[in-house]
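> Take a look at structure.txt, compact mmCIF, C-alpha atoms and all ligand atoms:
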# COMPACT_ATOMS: atom_id res chain seq x y z
CA GLU A 1 36.25 -15.94 -187.72
CA PHE A 2 39.97 -15.43 -188.11
CA LYS A 3 41.15 -11.85 -188.11
CA GLN A 4 42.13 -10.88 -191.66
CA LEU A 5 45.88 -10.79 -191.99
CA VAL A 6 48.20 -10.77 -195.00
CA PHE A 7 51.57 -12.55 -195.00
CA SER A 8 54.08 -12.89 -197.82
CA GLY A 9 57.80 -13.22 -198.38
CA VAL A 10 60.60 -13.04 -200.91
CA GLN A 11 63.87 -14.98 -200.88
CA PRO A 12 67.16 -13.06 -200.62
CA THR A 13 68.70 -14.73 -203.66
CA GLY A 14 69.79 -12.91 -206.80
CA ASN A 15 68.35 -9.76 -208.28
CA LEU A 16 64.71 -8.86 -207.90
CA HIS A 17 63.09 -8.61 -211.30
CA LEU A 18 59.96 -7.25 -212.95
CA GLY A 19 58.08 -10.52 -212.25
CA ASN A 20 58.79 -10.23 -208.53
CA TYR A 21 57.68 -6.60 -208.61
CA LEU A 22 54.39 -7.15 -210.47
CA GLY A 23 53.60 -10.57 -208.96
CA ALA A 24 54.53 -9.63 -205.40
CA LEU A 25 55.92 -6.24 -204.31
CA GLN A 26 53.45 -4.00 -206.14
CA LYS A 27 50.62 -6.04 -204.59
CA PHE A 28 52.13 -5.88 -201.12
CA VAL A 29 52.02 -2.09 -201.37
CA ALA A 30 48.43 -2.08 -202.63
CA LEU A 31 47.32 -4.21 -199.68
CA GLN A 32 48.95 -2.22 -196.88
CA ASP A 33 46.09 0.27 -196.56
CA THR A 34 43.28 -2.27 -196.29
CA TYR A 35 44.89 -5.18 -194.39
CA GLU A 36 47.18 -5.76 -191.50
CA CYS A 37 50.30 -7.08 -193.28
CA ILE A 38 53.47 -8.98 -192.41
CA TYR A 39 56.20 -9.02 -195.07
CA CYS A 40 59.17 -11.27 -194.55
CA VAL A 41 62.55 -11.74 -196.20
CA VAL A 42 62.70 -15.52 -196.16
CA ASP A 43 66.41 -16.08 -195.64
CA LEU A 44 66.02 -19.63 -194.31
CA HIS A 45 64.34 -20.59 -197.59
CA SER A 46 67.39 -19.44 -199.52
CA LEU A 47 69.47 -22.20 -197.88
CA THR A 48 67.46 -24.93 -199.62
CA ALA A 49 69.23 -24.61 -202.98
CA THR A 50 72.70 -23.56 -201.81
CA LEU A 51 73.76 -23.62 -198.19
CA VAL A 52 76.78 -21.37 -198.55
CA HIS A 53 76.16 -17.77 -199.63
CA ASP A 54 78.88 -15.09 -199.76
CA ASP A 55 76.71 -12.19 -198.77
CA LEU A 56 73.42 -13.43 -197.38
CA ALA A 57 73.04 -10.60 -194.85
CA ASP A 58 73.58 -8.06 -197.64
CA GLN A 59 71.10 -9.78 -199.92
CA THR A 60 68.58 -9.78 -197.09
CA ARG A 61 69.06 -6.03 -196.61
CA GLY A 62 68.67 -5.63 -200.37
CA ILE A 63 65.22 -7.23 -200.38
CA ALA A 64 64.20 -5.17 -197.36
CA ALA A 65 65.42 -2.04 -199.19
CA ALA A 66 63.32 -3.07 -202.21
CA TYR A 67 60.25 -3.47 -199.98
CA LEU A 68 60.79 0.01 -198.56
CA ALA A 69 61.65 1.56 -201.94
CA SER A 70 58.48 0.09 -203.47
CA GLY A 71 56.47 1.98 -200.88
CA LEU A 72 55.96 -0.34 -197.91
CA ASP A 73 55.68 1.64 -194.70
CA PRO A 74 57.59 -0.05 -191.83
CA LYS A 75 55.22 1.54 -189.30
CA LYS A 76 52.07 0.22 -190.96
CA ASN A 77 53.49 -3.25 -191.70
CA ILE A 78 55.75 -5.71 -189.98
CA ILE A 79 58.90 -6.07 -192.10
CA PHE A 80 61.50 -8.55 -190.89
CA ASN A 81 63.68 -11.49 -191.85
CA GLN A 82 62.72 -15.05 -191.05
CA ALA A 83 65.92 -16.10 -189.23
CA ARG A 84 65.24 -13.54 -186.48
CA VAL A 85 62.15 -15.47 -185.37
CA PRO A 86 63.22 -19.04 -184.53
CA GLN A 87 59.60 -20.19 -184.24
CA HIS A 88 59.44 -20.37 -188.07
CA ALA A 89 61.83 -23.32 -187.96
CA GLU A 90 60.16 -24.87 -184.95
CA LEU A 91 56.67 -24.86 -186.46
CA ALA A 92 58.14 -26.11 -189.76
CA TRP A 93 59.46 -29.15 -187.90
CA ILE A 94 56.01 -29.87 -186.51
CA PHE A 95 54.56 -29.46 -190.00
CA ASN A 96 57.17 -31.89 -191.34
CA CYS A 97 55.53 -34.40 -189.06
CA VAL A 98 52.02 -33.39 -190.17
CA ALA A 99 52.70 -33.42 -193.92
CA ARG A 100 53.23 -36.65 -195.88
CA ILE A 101 56.28 -37.32 -198.07
CA GLY A 102 53.96 -37.93 -201.04
CA TRP A 103 52.58 -34.40 -200.74
CA MET A 104 56.09 -32.96 -201.06
CA ASN A 105 57.10 -35.28 -203.90
CA ARG A 106 54.20 -33.95 -205.98
CA MET A 107 55.36 -30.32 -205.90
CA THR A 108 56.29 -29.11 -209.38
CA GLN A 109 58.75 -26.55 -208.01
CA PHE A 110 60.63 -29.34 -206.24
CA LYS A 111 60.74 -31.39 -209.43
CA ASP A 112 61.98 -28.37 -211.43
CA LYS A 113 64.59 -27.27 -208.93
CA ALA A 114 65.84 -30.74 -208.02
CA GLY A 115 66.21 -31.68 -211.69
CA LYS A 116 67.21 -35.20 -212.66
CA ASP A 117 69.42 -35.94 -209.66
CA ARG A 118 66.65 -35.86 -207.07
CA GLU A 119 68.48 -38.08 -204.58
CA ASN A 120 71.11 -35.37 -204.29
CA ALA A 121 68.76 -32.44 -203.68
CA SER A 122 68.80 -31.15 -200.11
CA LEU A 123 66.15 -32.49 -197.78
CA GLY A 124 65.34 -28.81 -197.17
CA LEU A 125 64.40 -28.35 -200.84
CA LEU A 126 61.89 -31.18 -200.50
CA ALA A 127 60.54 -29.81 -197.21
CA TYR A 128 60.45 -26.18 -198.43
CA PRO A 129 56.61 -26.07 -198.48
CA SER A 130 56.50 -27.03 -194.76
CA LEU A 131 58.59 -23.99 -193.93
CA MET A 132 56.40 -21.85 -196.16
CA ALA A 133 53.28 -23.17 -194.41
CA SER A 134 54.93 -22.34 -191.10
CA ASP A 135 55.72 -18.76 -192.23
CA ILE A 136 52.06 -18.20 -193.01
CA LEU A 137 50.36 -20.14 -190.23
CA LEU A 138 52.65 -18.92 -187.44
CA TYR A 139 50.70 -15.65 -187.76
CA ARG A 140 47.47 -17.41 -188.70
CA ALA A 141 47.45 -15.32 -191.88
CA THR A 142 44.25 -15.45 -193.93
CA HIS A 143 45.60 -14.08 -197.25
CA VAL A 144 48.86 -14.49 -199.17
CA PRO A 145 49.65 -12.33 -202.22
CA VAL A 146 51.96 -14.30 -204.55
CA GLY A 147 52.61 -15.06 -208.19
CA GLU A 148 50.91 -17.99 -209.86
CA ASP A 149 54.00 -20.19 -209.37
CA GLN A 150 53.18 -20.38 -205.65
CA LYS A 151 49.60 -21.61 -206.03
CA GLN A 152 50.45 -25.26 -205.46
CA HIS A 153 52.42 -24.43 -202.31
CA LEU A 154 49.43 -22.49 -200.96
CA GLU A 155 47.21 -25.51 -201.55
CA LEU A 156 49.68 -27.60 -199.56
CA THR A 157 49.58 -25.01 -196.77
CA ARG A 158 45.82 -25.49 -196.58
CA ASP A 159 46.26 -29.28 -196.52
CA ILE A 160 48.69 -28.98 -193.61
CA ALA A 161 46.37 -26.63 -191.70
CA GLN A 162 43.42 -28.92 -192.29
CA LYS A 163 45.25 -32.07 -191.20
CA PHE A 164 46.56 -30.36 -188.05
CA ASN A 165 43.04 -29.08 -187.27
CA ASN A 166 41.59 -32.59 -187.78
CA ASP A 167 44.33 -34.53 -185.96
CA PHE A 168 44.06 -32.28 -182.91
CA SER A 169 40.37 -31.35 -183.09
CA LYS A 170 39.55 -32.70 -179.61
CA ARG A 171 42.42 -30.90 -177.90
CA ILE A 172 41.77 -27.70 -179.82
CA SER A 173 38.17 -27.57 -178.64
CA ALA A 174 38.98 -28.75 -175.08
CA LEU A 175 41.45 -25.86 -174.79
CA GLY A 176 38.95 -23.43 -176.33
CA TYR A 177 41.41 -22.52 -179.12
CA GLY A 178 39.11 -23.30 -182.04
CA VAL A 179 38.10 -20.52 -184.40
CA GLU A 180 34.98 -20.91 -186.55
CA MET A 181 35.41 -20.83 -190.30
CA GLU A 182 33.66 -21.75 -193.50
CA VAL A 183 34.96 -24.86 -195.29
CA GLY A 184 32.92 -25.35 -198.45
CA GLU A 185 29.30 -25.50 -197.30
CA GLU A 186 30.21 -26.40 -193.72
CA ARG A 187 31.14 -24.31 -190.70
CA VAL A 188 33.97 -25.96 -188.80
CA SER A 189 36.27 -24.96 -186.00
CA GLY A 190 40.06 -25.12 -186.24
CA PHE A 191 43.26 -23.64 -184.87
CA PHE A 192 44.82 -22.70 -188.21
CA PRO A 193 42.92 -20.86 -190.97
CA LEU A 194 42.67 -22.27 -194.49
CA THR A 195 44.66 -19.47 -196.06
CA GLU A 196 43.59 -18.00 -199.40
CA PRO A 197 46.10 -17.03 -202.09
CA LEU A 198 45.68 -13.59 -203.64
CA ILE A 199 46.69 -14.19 -207.27
CA GLU A 200 44.98 -11.53 -209.32
CA GLY A 201 45.53 -9.05 -212.10
CA PRO A 202 47.17 -9.08 -215.53
CA ALA A 203 50.73 -10.09 -214.47
CA THR A 204 50.49 -13.05 -212.10
CA ARG A 205 53.06 -14.88 -214.23
CA VAL A 206 55.49 -12.59 -216.03
CA MET A 207 57.32 -14.49 -218.75
CA SER A 208 60.90 -14.10 -219.95
CA LEU A 209 61.34 -11.43 -222.64
CA ARG A 210 63.61 -13.82 -224.51
CA ASP A 211 61.20 -16.73 -224.50
CA GLY A 212 57.52 -16.10 -223.85
CA THR A 213 57.01 -19.66 -222.67
CA LYS A 214 59.42 -19.51 -219.69
CA LYS A 215 58.81 -17.70 -216.41
CA MET A 216 60.97 -14.66 -215.73
CA SER A 217 63.03 -15.95 -212.81
CA LYS A 218 65.80 -14.92 -210.45
CA SER A 219 67.31 -18.33 -210.64
CA ASP A 220 68.18 -18.29 -214.36
CA PRO A 221 71.47 -16.33 -214.53
CA SER A 222 71.81 -16.92 -218.27
CA ASP A 223 68.69 -14.89 -219.07
CA LEU A 224 70.08 -11.46 -219.92
CA SER A 225 66.66 -10.26 -221.07
CA ARG A 226 65.42 -10.14 -217.47
CA ILE A 227 64.45 -6.67 -216.26
CA ASN A 228 65.96 -6.24 -212.82
CA LEU A 229 64.81 -3.69 -210.26
CA SER A 230 68.45 -2.59 -210.16
CA ASP A 231 68.43 -1.70 -213.91
CA ASP A 232 68.77 1.94 -214.91
CA ALA A 233 66.51 3.65 -217.45
CA ASP A 234 68.72 2.75 -220.44
CA ALA A 235 68.86 -0.93 -219.54
CA ILE A 236 65.09 -1.10 -219.03
CA SER A 237 64.39 0.54 -222.42
CA ARG A 238 66.92 -1.59 -224.25
CA LYS A 239 65.54 -4.85 -222.85
CA ILE A 240 61.97 -3.95 -223.79
CA ARG A 241 62.95 -2.91 -227.33
CA LYS A 242 64.82 -6.20 -227.76
CA ALA A 243 61.97 -8.35 -226.37
CA LYS A 244 61.05 -11.24 -228.66
CA THR A 245 57.71 -10.81 -230.47
CA ASP A 246 55.86 -12.34 -233.40
CA PRO A 247 55.65 -10.27 -236.63
CA ASN A 248 51.93 -9.41 -236.41
CA PRO A 249 50.40 -6.21 -235.05
CA LEU A 250 48.62 -6.29 -231.68
CA PRO A 251 45.17 -7.88 -231.91
CA GLY A 252 41.94 -5.86 -231.89
CA ASP A 253 40.62 -7.61 -228.77
CA VAL A 254 41.96 -9.43 -225.70
CA GLU A 255 40.83 -12.83 -227.07
CA GLY A 256 43.26 -12.30 -229.96
CA LEU A 257 46.17 -12.61 -227.49
CA ALA A 258 45.50 -16.34 -227.10
CA GLY A 259 48.29 -18.39 -228.63
CA ARG A 260 50.57 -15.33 -228.82
CA PRO A 261 52.57 -15.67 -225.58
CA GLU A 262 55.00 -12.79 -226.24
CA ALA A 263 52.24 -10.33 -227.12
CA GLU A 264 50.17 -11.49 -224.17
CA ASN A 265 53.14 -11.04 -221.83
CA LEU A 266 53.95 -7.50 -222.98
CA VAL A 267 50.31 -6.40 -222.84
CA GLY A 268 50.00 -7.91 -219.35
CA ILE A 269 53.13 -6.08 -218.20
CA TYR A 270 51.82 -2.80 -219.60
CA ALA A 271 48.43 -3.28 -217.93
CA ALA A 272 49.97 -4.16 -214.54
CA LEU A 273 52.41 -1.24 -214.62
CA ALA A 274 49.63 1.18 -215.60
CA GLY A 275 47.18 -0.35 -213.11
CA VAL A 276 44.49 -0.89 -215.78
CA PRO A 277 42.81 -4.01 -217.23
CA ARG A 278 44.22 -5.53 -220.41
CA ASP A 279 41.15 -4.43 -222.42
CA GLN A 280 42.10 -0.86 -221.86
CA VAL A 281 45.61 -1.44 -223.23
CA ILE A 282 44.15 -3.21 -226.26
CA SER A 283 41.61 -0.46 -226.87
CA GLU A 284 44.53 1.95 -227.11
CA TYR A 285 47.10 -0.18 -228.94
CA GLY A 286 45.02 -2.85 -230.73
CA GLY A 287 45.96 -3.07 -234.43
CA ARG A 288 49.25 -1.19 -233.90
CA GLN A 289 52.73 -2.58 -234.52
CA PHE A 290 55.17 -3.59 -231.79
CA SER A 291 57.41 -0.81 -233.10
CA ASP A 292 54.77 1.61 -231.71
CA PHE A 293 53.89 -0.33 -228.61
CA LYS A 294 57.38 -1.16 -227.33
CA PRO A 295 58.57 2.46 -226.95
CA ALA A 296 55.36 3.27 -225.05
CA LEU A 297 55.90 0.27 -222.79
CA ALA A 298 59.56 1.22 -222.30
CA ASP A 299 58.56 4.75 -221.25
CA LEU A 300 55.97 3.44 -218.82
CA ALA A 301 58.39 0.90 -217.30
CA VAL A 302 61.05 3.58 -216.85
CA GLU A 303 58.51 5.96 -215.31
CA LYS A 304 57.43 3.31 -212.76
CA LEU A 305 60.70 1.49 -212.06
CA ALA A 306 63.43 4.16 -212.23
CA PRO A 307 62.22 5.95 -209.05
CA ILE A 308 62.19 2.62 -207.20
CA ASN A 309 65.73 1.94 -208.36
CA ALA A 310 66.85 5.39 -207.14
CA GLU A 311 65.12 4.90 -203.80
CA MET A 312 66.69 1.44 -203.39
CA ARG A 313 70.13 2.97 -203.83
CA ARG A 314 69.38 5.73 -201.35
CA ILE A 315 68.07 3.29 -198.71
CA SER A 316 70.85 0.76 -199.29
CA ALA A 317 73.43 3.46 -198.58
CA ASP A 318 72.23 3.36 -194.96
CA PRO A 319 72.48 -0.31 -193.88
CA ALA A 320 72.04 0.65 -190.21
CA TYR A 321 68.58 2.04 -191.03
CA VAL A 322 67.59 -1.16 -192.83
CA ASP A 323 68.91 -3.28 -189.94
CA GLY A 324 66.83 -1.16 -187.55
CA VAL A 325 63.68 -1.81 -189.58
CA LEU A 326 64.36 -5.56 -189.58
CA ARG A 327 65.17 -5.61 -185.87
CA ASP A 328 62.00 -3.73 -184.94
CA GLY A 329 59.89 -5.90 -187.27
CA GLY A 330 61.54 -9.01 -185.86
CA GLU A 331 60.55 -8.04 -182.32
CA ARG A 332 56.94 -7.43 -183.31
CA ALA A 333 56.74 -10.66 -185.34
CA GLY A 334 58.51 -12.57 -182.56
CA ALA A 335 55.94 -11.58 -179.95
CA ARG A 336 53.14 -12.92 -182.14
CA ALA A 337 55.04 -16.07 -183.02
CA GLU A 338 55.65 -16.77 -179.34
CA ALA A 339 51.94 -16.47 -178.54
CA THR A 340 51.00 -18.92 -181.33
CA MET A 341 53.66 -21.43 -180.34
CA LYS A 342 52.63 -21.38 -176.69
CA GLN A 343 49.19 -22.57 -177.82
CA VAL A 344 50.67 -25.07 -180.30
CA HIS A 345 52.71 -26.60 -177.45
CA GLU A 346 49.58 -26.96 -175.34
CA ILE A 347 47.63 -28.48 -178.24
CA ILE A 348 50.35 -31.05 -178.99
CA GLY A 349 51.16 -31.63 -175.34
CA LEU A 350 54.84 -30.66 -175.60
P1 LIG B 401 61.98 -16.32 -208.09
O1 LIG B 401 60.81 -17.19 -208.50
O2 LIG B 401 62.26 -15.24 -209.08
O3 LIG B 401 63.19 -17.11 -207.69
P2 LIG B 401 60.90 -15.97 -205.42
O4 LIG B 401 60.67 -17.44 -205.41
O5 LIG B 401 61.64 -15.38 -204.26
O6 LIG B 401 61.56 -15.51 -206.76
O7 LIG B 401 59.49 -15.26 -205.54
C1 LIG B 401 59.14 -14.08 -204.89
C2 LIG B 401 57.73 -13.70 -205.30
O8 LIG B 401 57.71 -13.27 -206.66
C3 LIG B 401 56.72 -14.85 -205.20
O9 LIG B 401 55.47 -14.32 -204.76
C4 LIG B 401 56.59 -15.31 -206.62
O10 LIG B 401 55.33 -15.91 -206.87
C5 LIG B 401 56.73 -14.01 -207.38
N1 LIG B 401 57.23 -14.23 -208.73
C6 LIG B 401 58.43 -14.78 -209.06
N2 LIG B 401 58.58 -14.83 -210.39
C7 LIG B 401 57.45 -14.29 -210.93
C8 LIG B 401 57.00 -14.05 -212.26
N3 LIG B 401 57.77 -14.36 -213.31
N4 LIG B 401 55.79 -13.47 -212.43
C9 LIG B 401 55.01 -13.13 -211.38
N5 LIG B 401 55.36 -13.34 -210.10
C10 LIG B 401 56.57 -13.90 -209.86
NA NA B 402 59.15 -18.41 -207.05
Could you take the file, read its structure, and then write that structure out as structure tokens?

Amino acid sequence: EFKQLVFSGVQPTGNLHLGNYLGALQKFVALQDTYECIYCVVDLHSLTATLVHDDLADQTRGIAAAYLASGLDPKKNIIFNQARVPQHAELAWIFNCVARIGWMNRMTQFKDKAGKDRENASLGLLAYPSLMASDILLYRATHVPVGEDQKQHLELTRDIAQKFNNDFSKRISALGYGVEMEVGEERVSGFFPLTEPLIEGPATRVMSLRDGTKKMSKSDPSDLSRINLSDDADAISRKIRKAKTDPNPLPGDVEGLAGRPEAENLVGIYAALAGVPRDQVISEYGGRQFSDFKPALADLAVEKLAPINAEMRRISADPAYVDGVLRDGGERAGARAEATMKQVHEIIGL
């Protein structure tokens, strides 16, 4: 069996928001006590949309500071940025040759981000999932905590692992590099694990507070309703009070949230921030008006997010400390990456 290992990453583009926190960072922190974890700032990924960034190194430090401020311990986890470990790009190239163009063309994120003028999107944007598969499989990670938007990319990662394992099955077993694992009913042996996504809880897809049918996203600069981790208490409260809702009171049971995207979103956010199931939120607030619920949600969000904001500022004031964390994490990640790639070279015959 593969050793249990968690890997995840966040791009250094734009402000981190509540969706990133609940879908990713908060989960990273929850996992650090039970799993061995590697958390990456995926700076190479941020080149796919725009190659030229004014302050990429600063943005990278900002994400690292958010990791630390959210409670990730740099001693317990490996925290680093992707560009420090060149094997990410090397394995991604090999995966480009494993994956099929059709697999990439089917990715909904590519279709969304490339828009109508697909011929003019960067080749990197199309190949993004190969690099993501490389991030994960370079460490032979078994679990990846992410938001729901990444589910399709995780499935592609499994497809790449499986095709590599199949294409090279003879060499893998001749070299003795196969690891036994369960695939459906069967037990098979492979070099790369079939990584499982960890997409759980009440806020796997936080929606915009302006439009309950759109994902809260870093990449929509026009959405002023977005709650950023850099917001102060006043901004957080104001944005929650202004959140779009329907005119009805909260339903008496969780089933009553169906077809009410704004209510469902706010209840999910409350539940995730409080660390309780949605039923518990409904048993307290069911039947009450949004004019009661929103101030309670605003207080809770401020209570949870304001300390992170303060800690982010404190950590960011010491860029040398953040660089030290990334350097140390990069060395630890690099040693593992080198060991994997040595075996990959032997398997391929490079
Ligand atoms: P974004 O989608 O905001 O540009 P990233 O692609 O860097 O941000 O995503 C970083 C992490 O945050 C990923 O695990 C992603 O699934 C998660 N995430 C992003 N947006 C949301 C959201 N609205 N709700 C829940 N999780 C999210
Ligand atoms: Na995303």
> Please determine, counting all atoms listed in the file, which residue among A:Ile347, A:Val98, A:Ala141, A:Met207 has the shortest atom-to-atom distance to Glu1 (chain A).
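Ranking A:Ile347, A:Val98, A:Ala141, A:Met207 by distance to Glu1 (chain A), first place goes to A:Ala141.
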> Would you list the residues that come within 8 Å of ligand LIG 401 (chain B)? Count all atoms listed in the file and give the answer as a ChimeraX atom specification.
/A:8-14,16-25,145-150,203-208,215-219
> Counting all atoms listed in the file, figure out which residue out of A:Asp220, A:Glu264, A:Glu180, A:Asp299 gets nearest to ligand NA 402 (chain B).
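Residue with the minimum atom-to-atom distance to ligand NA 402 (chain B): A:Asp220.
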> How many Å separate CA of Lys214 (chain A) from CA of Arg260 (chain A)?
13.4 Å
> Kindly indicate which residue among A:Ser225, A:Thr108, A:Asn120, A:Ser173 lies nearest to Leu156 (chain A), using all atoms listed in the file for the distances.
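Among the listed residues, A:Thr108 lies closest to Leu156 (chain A).
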> Return the single residue from A:Arg314, A:Arg226, A:Arg336, A:Lys151 that is closest to ligand NA 402 (chain B), with distances computed using only C-alpha atoms and all ligand atoms.
A:Lys151
> Taking all atoms of region 200-210 of chain A that the file lists and extending 5 Å past them on each side, where is the centre of the axis-aligned box and how long are its edges? Answer in Å to one decimal, as JSON.

{"center_x": 54.3, "center_y": -12.0, "center_z": -216.9, "size_x": 28.6, "size_y": 15.8, "size_z": 25.2}
> Nearest residue to ligand NA 402 (chain B) out of A:Ser122, A:Leu273, A:Tyr128, A:Lys76, using all atoms listed in the file?
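Residue with the minimum atom-to-atom distance to ligand NA 402 (chain B): A:Tyr128.
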> Using Å and a single decimal, report how far CA of Val281 (chain A) sits from CA of Glu311 (chain A).
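It comes out at 28.3 Å.
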> Do you have the CA of Cys37 (chain A)-CA of Leu5 (chain A) distance handy?
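Atom-to-atom, CA of Cys37 (chain A) to CA of Leu5 (chain A), that is 5.9 Å.
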> Between A:Gly329, A:Gly324, A:Pro261, A:Pro129, single out the one closest to ligand NA 402 (chain B), counting all atoms listed in the file.
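Closest to ligand NA 402 (chain B) of all the choices is A:Pro129.
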> Find the residues near Pro247 (chain A): any atom within 9 Å, counting all atoms listed in the file, skip ones fewer than 2 places away on the same chain, and give them as an MDAnalysis selection string.
chainID A and resid 245 249 289:290
> Could you pull region 183-228 of chain A out of the structure I just pasted and write it to a file containing C-alpha atoms, as an mmCIF file, in the first residue's frame?

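Written output follows (result_31.cif):
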data_model
loop_
_atom_site.group_PDB
_atom_site.id
_atom_site.type_symbol
_atom_site.label_atom_id
_atom_site.label_comp_id
_atom_site.auth_asym_id
_atom_site.auth_seq_id
_atom_site.Cartn_x
_atom_site.Cartn_y
_atom_site.Cartn_z
ATOM 1 C CA VAL A 183 -8.659 -0.615 -7.950
ATOM 2 C CA GLY A 184 -12.371 -1.335 -7.747
ATOM 3 C CA GLU A 185 -12.628 -5.018 -6.835
ATOM 4 C CA GLU A 186 -9.120 -5.824 -8.048
ATOM 5 C CA ARG A 187 -5.720 -5.603 -6.404
ATOM 6 C CA VAL A 188 -3.165 -4.278 -8.858
ATOM 7 C CA SER A 189 0.380 -3.043 -8.660
ATOM 8 C CA GLY A 190 1.500 0.352 -9.930
ATOM 9 C CA PHE A 191 4.119 3.056 -9.510
ATOM 10 C CA PHE A 192 1.718 5.964 -8.996
ATOM 11 C CA PRO A 193 -1.263 5.838 -6.607
ATOM 12 C CA LEU A 194 -4.791 6.590 -7.798
ATOM 13 C CA THR A 195 -5.154 9.696 -5.684
ATOM 14 C CA GLU A 196 -8.424 10.425 -3.888
ATOM 15 C CA PRO A 197 -9.878 13.927 -3.647
ATOM 16 C CA LEU A 198 -10.996 15.069 -0.196
ATOM 17 C CA ILE A 199 -14.056 17.193 -0.985
ATOM 18 C CA GLU A 200 -16.206 17.177 2.106
ATOM 19 C CA GLY A 201 -18.239 19.393 4.372
ATOM 20 C CA PRO A 202 -20.820 22.151 3.939
ATOM 21 C CA ALA A 203 -18.701 24.623 1.884
ATOM 22 C CA THR A 204 -16.998 22.716 -0.924
ATOM 23 C CA ARG A 205 -18.283 25.316 -3.384
ATOM 24 C CA VAL A 206 -18.766 28.765 -1.878
ATOM 25 C CA MET A 207 -20.871 30.915 -4.178
ATOM 26 C CA SER A 208 -20.638 34.648 -4.843
ATOM 27 C CA LEU A 209 -22.607 36.784 -2.361
ATOM 28 C CA ARG A 210 -23.845 38.863 -5.280
ATOM 29 C CA ASP A 211 -25.088 35.955 -7.339
ATOM 30 C CA GLY A 212 -25.728 32.621 -5.649
ATOM 31 C CA THR A 213 -25.298 30.763 -8.925
ATOM 32 C CA LYS A 214 -21.660 31.798 -9.573
ATOM 33 C CA LYS A 215 -18.612 30.483 -7.740
ATOM 34 C CA MET A 216 -16.799 32.943 -5.498
ATOM 35 C CA SER A 217 -13.533 33.297 -7.407
ATOM 36 C CA LYS A 218 -10.216 35.118 -7.308
ATOM 37 C CA SER A 219 -10.311 35.621 -11.004
ATOM 38 C CA ASP A 220 -13.428 37.822 -11.138
ATOM 39 C CA PRO A 221 -12.137 41.319 -10.247
ATOM 40 C CA SER A 222 -15.546 42.895 -10.822
ATOM 41 C CA ASP A 223 -17.132 40.983 -7.935
ATOM 42 C CA LEU A 224 -16.951 43.459 -5.055
ATOM 43 C CA SER A 225 -19.089 41.190 -2.866
ATOM 44 C CA ARG A 226 -16.194 38.749 -2.469
ATOM 45 C CA ILE A 227 -14.958 38.351 1.109
ATOM 46 C CA ASN A 228 -11.178 38.484 0.991
#
